[in-house]
Structure formats: structure tokens, C-alpha cells
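Undergrad: I have a structure here, written as C-alpha cells, and I will follow up with some questions on it.
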Amino acid sequence: MTAVHAPYSAFLPLAWQSLLDQSHTAWRWLVQIDGPPADVLDALTGCGAAADPRVAIASHGTTEGPAVTRNVALGRTTAPFVQNVDADDELELEALSVSARR
């Protein structure tokens, strides 16, 4: 899951590519937008993430900060395992495989 606001939207294509490159392929990406959604939606659309059925995008429309935004995203999941991925993170190729084994 990723909590993101507009200033960090430029990093999302790299985070997205790192998810696509994962050896573990059974994942979903929950993106929770903090504040106005336009720039974030543009970034997700531009890199192709918005069109992928594994990606669930939501916006709460207000600026609440990273902790609240992460908690909102966490409340949207029913997964037994959740990996936080900041907007400016790039996961190593085996990151989800290693985490899923634990």
C-alpha cells in the first residue's frame, strides 16, 4: 500500500516499475491519495498503473498527513500480509517473495 500526496506523485512510476519487476506476482497495490488527487492520478495513468486491475486507487479528498492516509489505506485491505511502499520507494526484485515467506 502507498499513501501519497501530489508533491511525491513524480516518484510513483519508479515504485510501479519495482512492483512490476517483483518475482512474487500475487500482489495488489492500494494507493491512497492524501489531498487533491489530480497530480497523483495523472502520474498513475501516465505510467499505466491506473489501468492495471491489481491497482486500487482511492482519495479521501482532504489533506490529513501520511499517518492518517496510511491508516485509511490499511482500513481498505483484507490481505493477511501488507507491505508499505512509500511513493519514493523502489523494491528490490525479491522483496515481496522474502516478506511473504515470513
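Chain labels A, B, ... are given in the sequence in which chains occur in the C-alpha cells; within each chain residues are numbered consecutively from 1, and ligands are likewise numbered from 1 in the order shown.
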Using only C-alpha atoms, determine which residues lie at most 7 Å from range 24-38 of chain A, disregarding the query and same-chain residues fewer than 6 positions distant; provide the list as a list in words.

TA: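 Near range 24-38 of chain A, the qualifying residues are Met1, Thr2, Ala3, Val4, His5, Arg54, Val55, Ala56, Ile57, Ala58, Ser59, His60, Gly61, Thr62, Thr63, Glu64, Gly65, Thr69, Ala73, Leu96 and Ser97 of chain A.
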
Undergrad: What would the file look like if the residues just selected were written as a tab-separated table (two decimals), in the first residue's frame with C-alpha atoms?

TA:
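Everything below was put into selection.tsv:
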chain	number	residue	atom	x	y	z
A	1	MET	CA	0.00	0.00	0.00
A	2	THR	CA	1.13	3.53	-0.71
A	3	ALA	CA	-0.02	6.76	0.88
A	4	VAL	CA	0.86	9.63	-1.44
A	5	HIS	CA	0.25	13.33	-1.95
A	54	ARG	CA	-4.27	-5.13	-9.39
A	55	VAL	CA	-4.18	-1.42	-8.56
A	56	ALA	CA	-6.89	0.10	-6.34
A	57	ILE	CA	-6.79	3.88	-6.11
A	58	ALA	CA	-8.77	5.96	-3.64
A	59	SER	CA	-8.74	9.52	-2.40
A	60	HIS	CA	-10.22	10.87	0.79
A	61	GLY	CA	-10.18	14.40	-0.65
A	62	THR	CA	-8.67	16.14	2.34
A	63	THR	CA	-5.08	16.65	3.45
A	64	GLU	CA	-4.57	14.57	6.58
A	65	GLY	CA	-0.88	13.66	6.51
A	69	THR	CA	-3.52	8.32	4.98
A	73	ALA	CA	-5.36	2.59	3.16
A	96	LEU	CA	7.80	-9.39	-1.71
A	97	SER	CA	8.97	-13.01	-2.03

Undergrad: Residues near Ser9 in chain A, anyone? I mean within 7 Å using only C-alpha atoms, not counting same-chain ones fewer than 5 positions away, as number ranges by chain.

TA: A: 4, 39-40, 43

Undergrad: Distance CA of Ala15 in chain A-CA of Gly48 in chain A, one decimal place?

TA: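 According to the coordinates, CA of Ala15 in chain A and CA of Gly48 in chain A are separated by 12.1 Å.
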
Undergrad: Where does DSSP see helix (DSSP H, G or I) in chain A, if you list the residues as an MDAnalysis selection string?

TA: chainID A and resid 6:20 38:46 49:51 66:75 95:101

Undergrad: Please save C-alpha atoms of the selected residues as a JSON list (two decimals), in the first residue's frame.

TA:
[["chain", "number", "residue", "atom", "x", "y", "z"],
["A", 6, "ALA", "CA", 0.82, 15.47, -5.04],
["A", 7, "PRO", "CA", 4.47, 16.51, -4.41],
["A", 8, "TYR", "CA", 5.52, 12.84, -4.42],
["A", 9, "SER", "CA", 3.48, 11.80, -7.45],
["A", 10, "ALA", "CA", 6.53, 12.12, -9.72],
["A", 11, "PHE", "CA", 8.11, 9.13, -7.93],
["A", 12, "LEU", "CA", 5.18, 6.76, -8.47],
["A", 13, "PRO", "CA", 6.30, 5.43, -11.89],
["A", 14, "LEU", "CA", 9.50, 4.08, -10.29],
["A", 15, "ALA", "CA", 7.59, 2.47, -7.42],
["A", 16, "TRP", "CA", 5.20, 0.99, -10.00],
["A", 17, "GLN", "CA", 8.04, -0.44, -12.08],
["A", 18, "SER", "CA", 9.56, -2.02, -9.00],
["A", 19, "LEU", "CA", 6.23, -3.76, -8.33],
["A", 20, "LEU", "CA", 6.03, -5.00, -11.91],
["A", 38, "ALA", "CA", -5.28, 15.26, -9.92],
["A", 39, "ASP", "CA", -1.45, 15.09, -10.00],
["A", 40, "VAL", "CA", -1.36, 11.63, -8.45],
["A", 41, "LEU", "CA", -3.98, 10.30, -10.85],
["A", 42, "ASP", "CA", -2.06, 11.79, -13.79],
["A", 43, "ALA", "CA", 1.14, 10.03, -12.66],
["A", 44, "LEU", "CA", -0.62, 6.69, -12.16],
["A", 45, "THR", "CA", -2.36, 6.97, -15.52],
["A", 46, "GLY", "CA", 0.82, 8.05, -17.30],
["A", 49, "ALA", "CA", -0.70, 1.66, -13.18],
["A", 50, "ALA", "CA", -4.23, 3.06, -13.17],
["A", 51, "ALA", "CA", -5.26, 0.62, -15.91],
["A", 66, "PRO", "CA", 0.96, 10.38, 5.98],
["A", 67, "ALA", "CA", -0.05, 8.53, 9.16],
["A", 68, "VAL", "CA", -3.80, 9.08, 8.69],
["A", 69, "THR", "CA", -3.52, 8.32, 4.98],
["A", 70, "ARG", "CA", -1.70, 5.04, 5.65],
["A", 71, "ASN", "CA", -4.34, 4.09, 8.20],
["A", 72, "VAL", "CA", -7.11, 4.82, 5.71],
["A", 73, "ALA", "CA", -5.36, 2.59, 3.16],
["A", 74, "LEU", "CA", -4.86, -0.11, 5.78],
["A", 75, "GLY", "CA", -8.58, 0.01, 6.54],
["A", 95, "ALA", "CA", 11.34, -8.01, -1.64],
["A", 96, "LEU", "CA", 7.80, -9.39, -1.71],
["A", 97, "SER", "CA", 8.97, -13.01, -2.03],
["A", 98, "VAL", "CA", 11.16, -12.69, 1.03],
["A", 99, "SER", "CA", 8.45, -10.92, 3.03],
["A", 100, "ALA", "CA", 5.75, -13.40, 2.00],
["A", 101, "ARG", "CA", 7.83, -16.31, 3.36]]

Undergrad: Run DSSP on the backbone and give me the residues of chain A it puts in strand (DSSP E), as number ranges by chain.

TA: A: 2-4, 29-33, 55-59

Undergrad: One decimal, in Å: what's the spacing between CA of Leu91 in chain A and CA of Gln22 in chain A?

TA: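 CA of Gln22 in chain A lies 8.0 Å from CA of Leu91 in chain A.
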